[in-house]
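Engineer: Structure in structure tokens, see below.
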Amino acid sequence: MTISEELMLQMYRYMVLGRLFEQSAEQLTHKGLIPGAFHTGIGEEATHVGACLALTHKDYIIPTHRGHVADIIKGADPGRLMAEILGRATGYCGGRGGSVHIADAASNNLGVQAVLSAAYPVAVGAALTQKRANTGRIVLAMFGDGASLMGTFHEALNLSAIWHLPVVWVCVNNQYAMSTSFAEASAIANVADRACAYNMPGHVVDGNDVMAVYETVREARERALAGGGPTLIECKTYRQGGHSTFDTNPYRPQEELDAWSKRDPITQFEQRLRERGILDEKRITQIADGVRQQVDEAEEFALSSPEPPPEAGVEFVFRSSEVE
Amino acid sequence: MTISEELMLQMYRYMVLGRLFEQSAEQLTHKGLIPGAFHTGIGEEATHVGACLALTHKDYIIPTHRGHVADIIKGADPGRLMAEILGRATGYCGGRGGSVHIADAASNNLGVQAVLSAAYPVAVGAALTQKRANTGRIVLAMFGDGASLMGTFHEALNLSAIWHLPVVWVCVNNQYAMSTSFAEASAIANVADRACAYNMPGHVVDGNDVMAVYETVREARERALAGGGPTLIECKTYRQGGHSTFDTNPYRPQEELDAWSKRDPITQFEQRLRERGILDEKRITQIADGVRQQVDEAEEFALSSPEPPPEAGVEFVFRSSEVE
Amino acid sequence: MTTREITFRDALNEALQEEMGREEGVFIIGQDIYGGPGGYQGAFKVTKGLAKDFRDRLLDTPMIEQTIVGAAVGAAMTGSRPVAEIMFEDFITLAMDLLVNTAAKTHYMTAGQYCVPIVVRAACGAVGVGPQHSQTWTSWFMHIPGLYVVLPSTPYDAKGLLKTAIRDDNPVLFLEHKKLYNVKGRVPEEEYEIPFGEARVLCPGDDVTVVAIGYMAGLATQVAGTLRDQGLSVEVIDPRTLAPLDLETIFQSVRKTHKVVVVAEDCKTAGPTAEIAALVSEACFEYLDAPVGRVGARDAPIAHNVGMSEYILPDAADIHEAVQRVIAW
Amino acid sequence: MTTREITFRDALNEALQEEMGREEGVFIIGQDIYGGPGGYQGAFKVTKGLAKDFRDRLLDTPMIEQTIVGAAVGAAMTGSRPVAEIMFEDFITLAMDLLVNTAAKTHYMTAGQYCVPIVVRAACGAVGVGPQHSQTWTSWFMHIPGLYVVLPSTPYDAKGLLKTAIRDDNPVLFLEHKKLYNVKGRVPEEEYEIPFGEARVLCPGDDVTVVAIGYMAGLATQVAGTLRDQGLSVEVIDPRTLAPLDLETIFQSVRKTHKVVVVAEDCKTAGPTAEIAALVSEACFEYLDAPVGRVGARDAPIAHNVGMSEYILPDAADIHEAVQRVIAW
Ligand SMILES: Cc1ncc(C[n+]2csc(CCOP(=O)(O)OP(=O)(O)O)c2C)c(N)n1
Ligand SMILES: Cc1ncc(C[n+]2csc(CCOP(=O)(O)OP(=O)(O)O)c2C)c(N)n1
Ligand SMILES: [Mg+2]
Ligand SMILES: [Mg+2]
């Protein structure tokens, strides 16, 4: 399938949006406005954007704690997203969850699993519902390279394979789990090569190439919908920043940082679209301005949103029903 | 390496011992003398015997809940073993553990892990001590086909590989986990093929061929001692009986049972040794009688052993030391 | 109401059968619950015969407790109503993250956007399979906001509470004591549910209150019978659900009897009797004529040996003794 | 004894440094505890600088909590003395089986053939990272025979108790409250250990006893100071170890003051205050002039939003109020 110009522009725009949105949140954290830590997916935008654009609104997703643009593509409003990160009443979880617990039921966003091992079994269960009810939807489960070494990966990938579940497993291999490099943590170089243990296709993709990611996920989605079962896709990319806003990030060689920043997914894609004549300086500025405005509005909305009443902190512990 | 006649006879004898020992315990269970359930490794003797004979006394082992001959080969006294199964004071755990918690520190038998997922990480830790202290010992970790699908398999095999630990992973693939056939439970046919996910050698062995099992484990042991790291070995065998003494075992096709009973490891090996002139009728009877007597003595020892005083049930909760 | 006598196991089985019939979204996920042609039908045979009508709703998995509970959560978040079976409560330790961090917190964390209507059934209690197949842990789960904890002690309660659990929109831990599976009791032919948070007075009395949980409720009733013959009137209360907990019924009884013993099979220290004793000691401070008596297992793992395990576990004699101790105070 | 002022973090760090120096078998296993050249040095920097002398004894693993604890068990069974670091106590749910079924039961199950000298360190307490990074769970572990549970509240205790934990032959869960890491206190230059099961009287008093655990101990001491100015003499006791628990010190104090409040950050229901309140209510029945006061978190997950999380968690005002309530009784 060829990717339309329109879609390419969308990809570009979302990548820029993802980056500016997270830079904005990062700054707010440093200003002390965000409780706890914040994790950016800066450098990984092509993976998050490519994978999510391959979905329909009705498909389910489990995003990671980075790449908040995934939520936006799925349908979340950037203002309410930022509000949740700030812990405000207007946020998706009314301030209860924060950045590592964003969920948006209206757009079938099942939410981040902050205990990283949980994403796999939850995805299996969601895919099971789709298969049993024959909904024509898939589940996209995203996870990091570090998380790929956890036990539930093994349990859930095997189960998804024997049950032919409509799930697409997308590893955002950004090379590190905090300070732990995947190269040292894993006995083999590619997460996707573990697909052989589960009798499913495994693909290594350049995770900084938004179109490649998009195509690979799109095909896996179609395969899943056709009853072909799950696929394991590994997107090789890089976490350009520290692990979180707390991390001074001293453990990575400068050459490595430099090499990857030369391969920045946005710059690269911009260049490609320029070459193809799809983008020019004017258009770029236009998009940048539009995105800037969108992020500013999101920030404004969030910052001007009220704090939730403290007493609301004990609401929603149980779903009320006749038994209470 | 060629296997000496003496070793072959030892293999044969241990297989017969394993079978008679477990048949005896099974009968005691049916007589109501053993609390809870009992699991036999009848049909799997070649795997347990072949693997354990490849070890030295000093190597560590984590056996499974079947194949109690593993404990005996490692150094346990059949009488005290039977006593533990019966829950008597003279048993290895003073009656606290029973069949699924046999452990014998004197022979470096780390004990069965009755929560089956636990064997992997415990084996990793034991192997870590060997590596750090350079003891020249390995850890043999045995586990079932069912247990191979648990998360800790993935976590621990990967860790053992990146740390080059002296551990040999031996899967007793007896085709079933209770009523769940491995063929249906696993996305791929061979446990050993998952070695590719951990960059370690993987071997599928005829688990009913005691010499093949022995050779494969022996080589893996040497590899581990030479610093070559772990190996994954899958022994294809069959659980001839029900899952436990509770199981009426109605879920398996008769043809399957018949086919495997034709491949009984003891009968097969006996035939082979007869053909090679190592065994004859007289020798067989001699061995059978010797083993029978050994098992009878074990049974007698166990049955005549005292019950532990009930109050001893609260002993050993903590290791006493100066802080208490 | 027409009733008949059936076992605790069959009562559970009927609840599953009826709820699967009632609602398409209900399915059962676990190990060996179908169990091949011929059928293992569950380690404790609770799913016996269900394959006849619902073969495609008995989902046998490999031995992956973490993923069983987690898959139930994901299915529930997307509209299913799964019942997960964990063979032995001891193995729920493998699924603690999914149960405690995911199932119990998702409704809260998403401000009610998602709910997690799952039931996790597990067999508890000691019958001689050794220290890792014998636990009864309830206080762990009482401690978790967002989780209901149910322990039926009779076939009637088992059926009614399991139906309620399946229909409830919250995650429910449903504990079945192994020694109860074969116990018989009268169960109506007609449809019924038992609301959570309503204790049952198993036996009314005036002299002393015994709050007894799960399998202990039956033992306490026996003890009450024995003591009645000795002229002592014991009120036995089975809370049936530990979360929510019907404090009113307990408090009312204590305000009447002025003496109370709380009984559970869990290890005594930090077990469920601690919370109940603390609540009663606070709420009924001026009514209590003796300190709250507590009966639980001795603080040890449960040994394989029967004599030892009986020594460790609480029994009728222990309840008897505790009642006499508060009476004699 | 020469002392100097150091942080709670540095006190822990010194204990690790000294014990590794003392005994070859001690190593640290966990995530990012070395953390590459430049060094992550632990999520909370407790292992800072240890690589200088002990690079080969800082074992960084992938994110595999189950296997971290399990590997520690296997290493301990074969003669090592590992210290495992779990970043957030919330993640200990993943290792519950290994901690509760394996570590805590092995000595028992093998009749003392094997022991499991491991220390599992984990960060507890809420600092705004949301519902899955904020828990303090202690009653779960108090409930487990065979496991020690330690919660230091000062740098002095942190160092002395960690050294004891490492030298002890039993599995120890060692909980470090995130809000304490930067707190300073006086710590001797000289070698010392603090025995388990000895509470510390943080502040003597006659009118009311406050038993406060972990981070709450400091808050309780503040409250005692405020109340002293109002003429009320509060005795604050920090049990320091919940298992073993120094009941004698608590009981003696209550027999003197006749009033007591128990405080912990855990959710109130079935938290550690339940067990302590139940024990005190029983042992000091005739001495108590008011029901035992209990302060704990409201029964909810800990929200990300600071105002909400402060509402949920107990604070000095809650302790103050509870003390006044028992006084006014
Ligand atoms: C079970 C669990 N252990 C530890 C953590 C703490 N933690 C948060 S993010 C992270 C690194 C995860 O690495 P990876 O999966 O590669 O994702 P990345 O952060 O690189 O996107 C860790 C260790 C966690 N959230 N969950
Ligand atoms: C974690 C866990 N889940 C379930 C069980 C119950 N159980 C005991 S043996 C068994 C089957 C194990 O199958 P496999 O690993 O193939 O070993 P086998 O019994 O065939 O020797 C099961 C499910 C258990 N002991 N541990
Ligand atoms: Mg990563
Ligand atoms: Mg098997």
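Residue numbering restarts at 1 for every chain of the structure tokens, chains are lettered A, B, ... in their displayed order, and ligands are numbered from 1 as they appear.
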Taking only C-alpha atoms and all ligand atoms into account, report as JSON, numbers by chain which residues have an atom no farther than 7 Å from an atom of ligand 4.

Structural biologist: {"B": [144, 145, 146, 172, 173, 174, 175, 176, 177]}

Engineer: List the neighbours of stretch 249-265 of chain B out to 12 Å using only C-alpha atoms; skip same-chain residues closer than 5 positions along the sequence, and give me the result as an NGL selection string.

Structural biologist: (:B and (11-12 or 14-16 or 18-19 or 41-50 or 174-181 or 206-213 or 236-244 or 270-272)) or (:C and (32 or 34-41))

Engineer: Which residues of chain A are close to chain D, meaning at most 7 Å apart when you count only C-alpha atoms, and how do they look as a list in words?

Structural biologist: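 Applying the cut-off to the listed atoms yields Pro35, Gly36, Ala37, Gly87, Gly95, Arg96, Gly97, Gly98, Ala114, Val115, Gly146, Ala147, Leu149, Met150, Ser179, Thr180, Ala185, Pro250, Tyr251, Pro310, Glu311, Ala312, Gly313, Val314 and Val317 of chain A.
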
Engineer: Could you give me, as a PyMOL selection string, the residues within 9 Å of stretch 273-286 of chain A, counting only C-alpha atoms and dropping anything in the same chain fewer than 4 positions from it?

Structural biologist: chain A and resi 5+8-9+12+268-269+290-291

Engineer: Which of these, D:Tyr192, D:Tyr287, D:Tyr108, D:Trp329, has the shortest distance to chain C once you count only C-alpha atoms?

Structural biologist: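 Residue with the minimum atom-to-atom distance to chain C: D:Tyr108.
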
Engineer: Write down, as number ranges by chain, each residue of chain C that has any atom within 7 Å of an atom of chain D, counting only C-alpha atoms.

Structural biologist: C: 93-94, 96-97, 101, 105, 132, 139-140, 142-143, 145, 267, 269-272, 274-275, 277-278, 281-282, 285, 291-292, 299-301

Engineer: Would you list, as a ChimeraX atom specification, the residues of stretch 99-203 of chain D that end up in strand (DSSP E) under DSSP run on this structure's backbone?

Structural biologist: /D:119-124,148-150,172-177,184-188,200-203

Engineer: Can you check which residues of stretch 76-201 of chain C DSSP gives as helix (DSSP H, G or I) on the backbone and send them as a ChimeraX atom specification?

Structural biologist: /C:76-77,89-109,139-142,155-167,178-180

Engineer: Using only C-alpha atoms, find the one residue out of A:Leu303, A:Cys171, A:Ala224, A:Ala156 that sits nearest to chain B.

Structural biologist: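 Result for the nearest residue to chain B: A:Ala156.
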
Engineer: Restricting the calculation to only C-alpha atoms: of B:Ile162, B:Leu7, B:Ile34, B:Ala105, which residue gets closest to chain A?

Structural biologist: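 Checking each candidate against chain A, we get B:Ile162 as the closest.
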
Engineer: Residues near stretch 245-253 of chain D, anyone? I mean within 9 Å using only C-alpha atoms, not counting same-chain ones fewer than 6 positions away, as a list in words.

Structural biologist: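 The residues satisfying every condition are Phe196, Gly197, Glu198, Ala199, Arg200, Val201, Gly205, Asp206, Val208, Thr209, Val211, Glu235, Ile237, Pro239, Val260, Ile276, Leu279, Val280, Ala283 and Cys284 of chain D.
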
Engineer: List as a tab-separated table every residue of chain B that is in contact with chain A, defined as an atom at most 12 Å from one of its atoms (using only C-alpha atoms), together with the nearest atom pair and the distance in Å rounded to one decimal, sorted by chain and then rising number.

Structural biologist:
```
residue	atom	partner	partner_atom	distance
B:Ser117	CA	A:Gly151	CA	10.2
B:Tyr120	CA	A:Gly151	CA	11.3
B:Pro121	CA	A:Gly151	CA	11.3
B:Gly146	CA	A:Glu155	CA	11.2
B:Ala147	CA	A:Glu155	CA	10.6
B:Ser148	CA	A:Glu155	CA	9.5
B:Leu149	CA	A:Glu155	CA	6.1
B:Met150	CA	A:Glu155	CA	5.8
B:Gly151	CA	A:Gly151	CA	3.4
B:Thr152	CA	A:Gly151	CA	5.3
B:Phe153	CA	A:Gly151	CA	7.2
B:His154	CA	A:Gly151	CA	5.6
B:Glu155	CA	A:Gly151	CA	5.5
B:Ala156	CA	A:Gly151	CA	8.8
B:Leu157	CA	A:Ala187	CA	8.9
B:Asn158	CA	A:Ala187	CA	5.8
B:Leu159	CA	A:Ala187	CA	7.7
B:Ser160	CA	A:Ala187	CA	8.9
B:Ala161	CA	A:Ala187	CA	5.9
B:Ile162	CA	A:Ala187	CA	5.3
B:Trp163	CA	A:Ala187	CA	9.1
B:His164	CA	A:Ala187	CA	9.8
B:Phe182	CA	A:Ile162	CA	11.0
B:Ala183	CA	A:Ile162	CA	9.8
B:Glu184	CA	A:Ile162	CA	7.3
B:Ala185	CA	A:Ile162	CA	6.9
B:Ser186	CA	A:Asn158	CA	6.5
B:Ala187	CA	A:Tyr198	CA	5.1
B:Ile188	CA	A:Asn199	CA	5.9
B:Ala189	CA	A:Asn199	CA	9.4
B:Asn190	CA	A:Ala197	CA	9.1
B:Val191	CA	A:Ala197	CA	8.5
B:Ala192	CA	A:Ala197	CA	9.5
B:Asp193	CA	A:Ala197	CA	6.9
B:Arg194	CA	A:Ala197	CA	5.0
B:Ala195	CA	A:Ala197	CA	8.4
B:Cys196	CA	A:Arg194	CA	7.5
B:Ala197	CA	A:Arg194	CA	5.0
B:Tyr198	CA	A:Ala187	CA	5.0
B:Asn199	CA	A:Ala187	CA	5.7
B:Met200	CA	A:Ala187	CA	8.4
B:Gly229	CA	A:Ala187	CA	11.3
B:Pro230	CA	A:Ala187	CA	11.4
```

Engineer: Given the selection you just returned, output its residues as a file containing C-alpha atoms, formatted as a PDB file, in the first residue's frame.

Structural biologist:
```
ATOM      1  CA  SER B 117       7.485 -21.381  38.810  1.00  0.00           C
ATOM      2  CA  TYR B 120      13.977 -21.311  37.805  1.00  0.00           C
ATOM      3  CA  PRO B 121      14.949 -18.309  39.903  1.00  0.00           C
ATOM      4  CA  GLY B 146       3.782 -27.308  31.811  1.00  0.00           C
ATOM      5  CA  ALA B 147       6.182 -25.360  33.971  1.00  0.00           C
ATOM      6  CA  SER B 148       8.148 -24.348  30.877  1.00  0.00           C
ATOM      7  CA  LEU B 149       5.316 -22.010  29.929  1.00  0.00           C
ATOM      8  CA  MET B 150       5.558 -19.972  33.122  1.00  0.00           C
ATOM      9  CA  GLY B 151       7.026 -16.498  33.199  1.00  0.00           C
ATOM     10  CA  THR B 152      10.009 -17.284  35.371  1.00  0.00           C
ATOM     11  CA  PHE B 153      11.292 -19.634  32.654  1.00  0.00           C
ATOM     12  CA  HIS B 154      11.809 -16.580  30.453  1.00  0.00           C
ATOM     13  CA  GLU B 155      13.281 -14.370  33.155  1.00  0.00           C
ATOM     14  CA  ALA B 156      15.643 -16.994  34.505  1.00  0.00           C
ATOM     15  CA  LEU B 157      16.840 -18.522  31.256  1.00  0.00           C
ATOM     16  CA  ASN B 158      17.715 -15.095  29.952  1.00  0.00           C
ATOM     17  CA  LEU B 159      19.511 -14.185  33.161  1.00  0.00           C
ATOM     18  CA  SER B 160      21.411 -17.465  33.228  1.00  0.00           C
ATOM     19  CA  ALA B 161      22.559 -16.800  29.686  1.00  0.00           C
ATOM     20  CA  ILE B 162      23.737 -13.226  30.147  1.00  0.00           C
ATOM     21  CA  TRP B 163      25.564 -14.203  33.315  1.00  0.00           C
ATOM     22  CA  HIS B 164      27.001 -17.420  31.821  1.00  0.00           C
ATOM     23  CA  PHE B 182       1.844 -29.634  25.767  1.00  0.00           C
ATOM     24  CA  ALA B 183       0.897 -29.870  22.109  1.00  0.00           C
ATOM     25  CA  GLU B 184      -2.133 -27.724  22.800  1.00  0.00           C
ATOM     26  CA  ALA B 185      -0.611 -25.506  25.462  1.00  0.00           C
ATOM     27  CA  SER B 186       2.510 -24.455  23.611  1.00  0.00           C
ATOM     28  CA  ALA B 187       2.739 -22.463  20.420  1.00  0.00           C
ATOM     29  CA  ILE B 188       5.731 -24.522  19.337  1.00  0.00           C
ATOM     30  CA  ALA B 189       6.364 -28.232  19.499  1.00  0.00           C
ATOM     31  CA  ASN B 190       9.673 -28.312  21.337  1.00  0.00           C
ATOM     32  CA  VAL B 191      10.620 -26.653  24.592  1.00  0.00           C
ATOM     33  CA  ALA B 192      14.256 -26.894  23.535  1.00  0.00           C
ATOM     34  CA  ASP B 193      13.596 -24.745  20.483  1.00  0.00           C
ATOM     35  CA  ARG B 194      13.078 -21.832  22.835  1.00  0.00           C
ATOM     36  CA  ALA B 195      16.830 -21.936  23.471  1.00  0.00           C
ATOM     37  CA  CYS B 196      17.143 -19.672  20.433  1.00  0.00           C
ATOM     38  CA  ALA B 197      15.544 -16.911  22.476  1.00  0.00           C
ATOM     39  CA  TYR B 198      18.341 -17.161  25.012  1.00  0.00           C
ATOM     40  CA  ASN B 199      21.375 -17.761  22.885  1.00  0.00           C
ATOM     41  CA  MET B 200      22.083 -21.108  24.466  1.00  0.00           C
ATOM     42  CA  GLY B 229      27.107 -21.116  30.230  1.00  0.00           C
ATOM     43  CA  PRO B 230      23.741 -22.815  30.412  1.00  0.00           C
TER      44      PRO B 230
END
```

Engineer: With only C-alpha atoms and all ligand atoms as the basis for distance, which of D:Pro204, D:Gly160, D:Gly30, D:Gly225 is at the shortest distance from ligand 1?

Structural biologist: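 Nearest to ligand 1: D:Gly30.
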